[in-house]
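Notes to accompany the following structure.
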Amino acid sequence: MTNELEEQVREELATSAHGWTDRIDHDRVLADGRRALRQRSLRRVAVAAAAAVVAGALGWAGLAGALGRGAMPGVVATPSPAPSTVAMNRVTFDLTGVNGADYARLEVTLTTDGTVWMSGTDASGDVRFTTSIAAVYVTAHGATIDVGVPAVLGLVPGDPRWILPVTSGTAAVTTDVRKLPSGGQSAYLATFSSGGASQFDGVCWPGADGEVYQSDGSSPAHTDLDFDGHRGTFFFTDLNDRTRLTFHADSGNSFSFEANGSRYRPYFASAHDSAGTRSMAVALLPWNATDPAVDLADASATWTTLGVAGRTVVVVSGTSDTMAGMVRSISYTDEADGPVVQRVR
Amino acid sequence: MGETREAPMFRSSPTRDAEFAEFMRTASLSLGRTAWLLTGNADLADELVQAALVKTYVAWPRVRSGEGLAYARRVLVNLNVDRHRRAHTTPSDRIDGIEPRHAEQSVDDRDQATRMLATLPAQQRRVIVLRYYDDLSEAEVAHHLGISVGAVKSSASRGLATLRSRFARVPEGEGQ
């Protein structure tokens with residue numbers, strides 16, 4: 001059946017493409033190409049540093065998540081009748097550490113009729129509100145809710161050790177994931193500062209099979225890092241049409257920065273090892289870059305490279321909190337541009 | 001922080017131009033068809049092919065013999081990804097997993113294939129085109145798009161599932 005469908009798709013695409021005729025002006029391509037070569041040879045190209053410094057403390061630095069572009073139906077916590085169906089799965093999220101939260105705890109119950117009930121309770125355990133949403137909306141992508149602060153509630157398979165919200169804006173303030181008692185699922189809750197949930201793109205989590213998963217169900221290639229006290233996993237998230245190089249440290253810290261298409265995203269994220277004594281800086285090299293080398297500014301620093309989904313990532317470890325404190329420059333050979341030196345200032 | 005690119009010196013040469021002209025003669029039709037399927041828009045497709053060929057010309061001495069088409073196609077795909085991201089506008093609604101149409105998906109509606117491709121999220125569309133029109137392997141598609149093979153499989157599977165339902169809904173003869 002799938003093969004038949006594949007053949008049908010091939011035929012449709014071929015038929016559509018067959019009607020296309022070459023309309024490219026080859027002389028214009030050559031003229032534009034010669035002009036590009038002349039311009040490049042006449043001047044050194046100073047490229048503004050697109051320093052993508054991911055927030056310092058690395059708690060949730062640089063990362064957060066987003067619900068399909070603000071997509072799923074938002075749920076405002078308002079009083080409503082309590083659930084009458086039999087509770088199959090219930091977990092409780094502690095909100096006492098969440099600034100601005102209206103409740104001390106949020107109880108989440110998945111019932112047999114495919115409904116997710118949410119109850120906010122105060123410190124004494126009294127229920128202050130109850131509301132519900134069809135479970136179909138509470139997928140791995142999550143649903144926006146309001147607990148006094150914006151939040152995203154979602155369900156992911158299995159019992160992941162961590163959950164990582166990915167956002168194109170402000171990172172999540174808190175994230176928690178708890179296994180439901182039955183059903184092989186876990187619920188996660190990410191809270192945000194005002195407006196933050198609207199830039200939530202999705203979440204990532206580790207599967208029991210050792211793979212990393214993202215909320216569209218796909219499993220991005222990942223590479224583990226064990227270097228100079230830094231341990232964790234690199235992978236590219238691809239959510240909401242945004243590709244990011246992401247690092248999740250075993251210590252729970254994480255960062256990410258956008259790595260669109262062929263564009264080189266030069267700098268850098270910083271992190272600390274679990275002992276808090278060594279910092280880490282990361283540079284993502286362009287496609288097909290070869291011969292990477294690092295000119296270290298910090299005599300105690302050290303560096304390595306690793307491949308992540310076909311891209312080369314340079315990892316520098318040292319004592320400085322900044323890339324400039326550790327590195328003078330990174331050089332490599334670019335497939336298109338030849339030798340390139342990225343100076344760090 | 002800043003960066004300075006130390007650009008090497010290049011000169012165009014009659015040899016380069018002749019080689020590249022021959023390459024264009026054989027490659028630009030294929031690139032144009034891929035661009036058409038990726039965008040569903042003839043003008044955009046022309047712009048993408050033109051830009052991809054110019055970039056390939058600049059890199060030509062480093063493009064391995066026999067790999068010009070693969071190189072240019074990779075450039076084209078990446079340019080399209082970048083273009084899509086620049087043009088992307090945040091949709092306001094998404095209901096029950098149905099993706100809204102993207103700016104990229106305002107197509108010419110020339111035929112059934114591009115209409116159906118326009119219903120797919122951008123990554124699924126790229127994967128479907130590269131996998132089933134350009135006939136690339138899953139690993140090659142992953143390399144072109146900078147995603148994992150697993151993501152390629154997942155996108156292809158979901159894209160095919162969507163197309164299956166679309167095929168089922170399109171009556172005979174529609175979409176010409």
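Ordering of the structure tokens sets the chain letters (A, B, ...), residue numbers begin anew at 1 in every chain, and ligands are numbered from 1 in the order given.
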Excluding same-chain residues fewer than 4 positions from segment 130-145 of chain B, what lies within 7 Å of it counting only C-alpha atoms, as a list of chain:residue names?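 Returned residues: A:Val9, A:Arg10, A:Leu13, A:Ala14, A:Gly310, B:Arg74, B:Arg126, B:Val149, B:Val152.
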Selection export as a PDB file, in the first residue's frame, atoms kept: N, CA and C atoms:
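Once written, part.pdb looks like this:
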```pdb
ATOM      1  N   VAL A   9       2.900   9.192  -5.664  1.00  0.00           N
ATOM      2  CA  VAL A   9       3.516  10.488  -5.380  1.00  0.00           C
ATOM      3  C   VAL A   9       4.621  10.784  -6.385  1.00  0.00           C
ATOM      4  N   ARG A  10       5.438   9.760  -6.666  1.00  0.00           N
ATOM      5  CA  ARG A  10       6.504   9.950  -7.659  1.00  0.00           C
ATOM      6  C   ARG A  10       5.921  10.400  -9.004  1.00  0.00           C
ATOM      7  N   LEU A  13       4.571  14.012  -8.852  1.00  0.00           N
ATOM      8  CA  LEU A  13       5.662  14.994  -8.831  1.00  0.00           C
ATOM      9  C   LEU A  13       6.334  15.084 -10.198  1.00  0.00           C
ATOM     10  N   ALA A  14       6.551  13.933 -10.798  1.00  0.00           N
ATOM     11  CA  ALA A  14       7.198  13.930 -12.116  1.00  0.00           C
ATOM     12  C   ALA A  14       6.328  14.633 -13.156  1.00  0.00           C
ATOM     13  N   GLY A 310      25.956  15.589  11.163  1.00  0.00           N
ATOM     14  CA  GLY A 310      26.705  16.007   9.988  1.00  0.00           C
ATOM     15  C   GLY A 310      27.372  17.358  10.115  1.00  0.00           C
TER      16      GLY A 310
ATOM     17  N   ARG B  74      21.869  21.310  -2.905  1.00  0.00           N
ATOM     18  CA  ARG B  74      21.946  21.555  -1.465  1.00  0.00           C
ATOM     19  C   ARG B  74      21.885  23.052  -1.168  1.00  0.00           C
ATOM     20  N   ARG B 126       9.697  19.468   1.867  1.00  0.00           N
ATOM     21  CA  ARG B 126      11.081  19.327   1.384  1.00  0.00           C
ATOM     22  C   ARG B 126      11.470  17.855   1.303  1.00  0.00           C
ATOM     23  N   VAL B 149      18.314  11.128   9.969  1.00  0.00           N
ATOM     24  CA  VAL B 149      17.610  10.178   9.109  1.00  0.00           C
ATOM     25  C   VAL B 149      16.251   9.841   9.721  1.00  0.00           C
ATOM     26  N   VAL B 152      13.887  12.408   8.769  1.00  0.00           N
ATOM     27  CA  VAL B 152      13.488  12.240   7.367  1.00  0.00           C
ATOM     28  C   VAL B 152      12.394  11.182   7.263  1.00  0.00           C
TER      29      VAL B 152
END
```
Find the residues near Ala123 of chain A: any atom within 8 Å, counting only C-alpha atoms, skip ones fewer than 4 places away on the same chain, and give them as a count of residues only. 3
Members of segment 14-161 of chain B assigned alpha helix (DSSP H) by DSSP, as a PyMOL selection string: chain B and resi 14-39+42-59+68-87+112-117+122-132+138-145+149-161
If we count only C-alpha atoms, what is near segment 154-160 of chain B at a cut-off of 7 Å, once residues fewer than 6 positions away on the same chain are taken out, given as a PDB file with all heavy atoms, in the first residue's frame?
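selection_15.pdb, freshly written:
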```pdb
ATOM      1  N   SER A 218       9.378  13.183  16.057  1.00  0.00           N
ATOM      2  CA  SER A 218      10.613  12.763  15.398  1.00  0.00           C
ATOM      3  C   SER A 218      11.745  12.634  16.416  1.00  0.00           C
ATOM      4  O   SER A 218      11.649  13.108  17.552  1.00  0.00           O
ATOM      5  CB  SER A 218      11.002  13.751  14.297  1.00  0.00           C
ATOM      6  OG  SER A 218      11.273  15.014  14.865  1.00  0.00           O
TER       7      SER A 218
ATOM      8  N   LEU B 120       1.265  20.575   3.023  1.00  0.00           N
ATOM      9  CA  LEU B 120       2.208  19.957   3.962  1.00  0.00           C
ATOM     10  C   LEU B 120       3.012  21.019   4.691  1.00  0.00           C
ATOM     11  O   LEU B 120       3.334  22.059   4.113  1.00  0.00           O
ATOM     12  CB  LEU B 120       3.177  19.034   3.208  1.00  0.00           C
ATOM     13  CG  LEU B 120       2.578  17.872   2.428  1.00  0.00           C
ATOM     14  CD1 LEU B 120       3.699  17.082   1.746  1.00  0.00           C
ATOM     15  CD2 LEU B 120       1.779  16.959   3.345  1.00  0.00           C
ATOM     16  N   GLN B 123       8.856  21.295   6.240  1.00  0.00           N
ATOM     17  CA  GLN B 123       9.874  20.237   6.244  1.00  0.00           C
ATOM     18  C   GLN B 123       9.370  18.970   5.562  1.00  0.00           C
ATOM     19  O   GLN B 123      10.112  18.306   4.845  1.00  0.00           O
ATOM     20  CB  GLN B 123      10.319  19.913   7.668  1.00  0.00           C
ATOM     21  CG  GLN B 123      11.372  18.804   7.693  1.00  0.00           C
ATOM     22  CD  GLN B 123      12.100  18.716   9.004  1.00  0.00           C
ATOM     23  OE1 GLN B 123      12.790  19.645   9.400  1.00  0.00           O
ATOM     24  NE2 GLN B 123      11.962  17.597   9.690  1.00  0.00           N
ATOM     25  N   GLN B 124       8.120  18.635   5.775  1.00  0.00           N
ATOM     26  CA  GLN B 124       7.582  17.447   5.108  1.00  0.00           C
ATOM     27  C   GLN B 124       7.609  17.629   3.600  1.00  0.00           C
ATOM     28  O   GLN B 124       7.906  16.713   2.840  1.00  0.00           O
ATOM     29  CB  GLN B 124       6.157  17.191   5.591  1.00  0.00           C
ATOM     30  CG  GLN B 124       6.078  16.700   7.033  1.00  0.00           C
ATOM     31  CD  GLN B 124       4.654  16.491   7.491  1.00  0.00           C
ATOM     32  OE1 GLN B 124       3.763  16.240   6.691  1.00  0.00           O
ATOM     33  NE2 GLN B 124       4.437  16.618   8.791  1.00  0.00           N
ATOM     34  N   VAL B 127      11.122  17.130   2.332  1.00  0.00           N
ATOM     35  CA  VAL B 127      11.496  15.715   2.358  1.00  0.00           C
ATOM     36  C   VAL B 127      10.805  14.959   1.218  1.00  0.00           C
ATOM     37  O   VAL B 127      11.433  14.151   0.524  1.00  0.00           O
ATOM     38  CB  VAL B 127      11.141  15.094   3.723  1.00  0.00           C
ATOM     39  CG1 VAL B 127      11.254  13.576   3.678  1.00  0.00           C
ATOM     40  CG2 VAL B 127      12.054  15.650   4.810  1.00  0.00           C
ATOM     41  N   ILE B 128       9.528  15.218   1.019  1.00  0.00           N
ATOM     42  CA  ILE B 128       8.785  14.515  -0.037  1.00  0.00           C
ATOM     43  C   ILE B 128       9.396  14.811  -1.402  1.00  0.00           C
ATOM     44  O   ILE B 128       9.583  13.915  -2.237  1.00  0.00           O
ATOM     45  CB  ILE B 128       7.292  14.923  -0.001  1.00  0.00           C
ATOM     46  CG1 ILE B 128       6.629  14.388   1.272  1.00  0.00           C
ATOM     47  CG2 ILE B 128       6.568  14.447  -1.249  1.00  0.00           C
ATOM     48  CD1 ILE B 128       6.442  12.892   1.323  1.00  0.00           C
TER      49      ILE B 128
END
```
List the neighbours of Gly148 of chain A out to 8 Å using only C-alpha atoms; skip same-chain residues closer than 3 positions along the sequence, and give me the result as a list of chain:residue names. A:Gly100, A:Ala101, A:Asp102, A:Tyr103
Applying 7 Å and only C-alpha atoms, which residues near Gly318 of chain A remain after dropping the ones on its own chain fewer than 5 positions away? List them as a ChimeraX atom specification. /A:278-280,300-302,326
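Residues within 8 Å of Asn89 of chain A, counting only C-alpha atoms and excluding same-chain residues fewer than 4 positions away, are Thr109, Leu110, Thr111, Leu180, Pro181, Ser182 and Gly183 of chain A.
Of the listed residues (B:Ala151, B:Ser30, B:Ala118, B:Thr162), B:Ala151 comes nearest to chain A; the distances count only C-alpha atoms.
Nearest-residue note for Arg62 of chain B: choosing from A:Glu258, A:Ala336, A:Val282, A:Thr290, the minimum distance belongs to A:Ala336, counting only C-alpha atoms.
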How many Å lie between atom CA of Leu37 of chain A and atom CA of Val58 of chain B, rounded to one decimal?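 Computing it gives 6.3 Å between the two atoms.
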Which residue out of A:Ser198, A:Thr131, A:Ser320, A:Thr304 has the minimum interatomic distance to chain B when only C-alpha atoms are used?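 Closest to chain B of all the choices is A:Ser198.
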Straight-line distance linking atom CA of Glu12 of chain A with atom CA of Arg83 of chain B, stated in Å to one decimal: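 Going from atom CA of Glu12 of chain A over to atom CA of Arg83 of chain B, I get 25.3 Å.
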Out of B:Ser165, B:Thr39, B:Ser28, B:Thr119, which residue has the shortest atom-to-atom distance to chain A when counting only C-alpha atoms?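 Closest to chain A of all the choices is B:Ser28.
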Length of the atom CA of Trp287 of chain A to atom CA of Arg231 of chain A vector [Å]: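 Straight-line distance from atom CA of Trp287 of chain A to atom CA of Arg231 of chain A works out to 24.8 Å.
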Per-residue DSSP, segment 116-336 of chain A, filtered to strand (DSSP E or B), as an MDAnalysis selection string: chainID A and resid 116:121 127:134 143:146 150:157 164:167 174:179 185:191 200:206 212:214 222:227 230:239 242:249 254:258 269:272 279:284 290:296 302:308 311:318 327:334
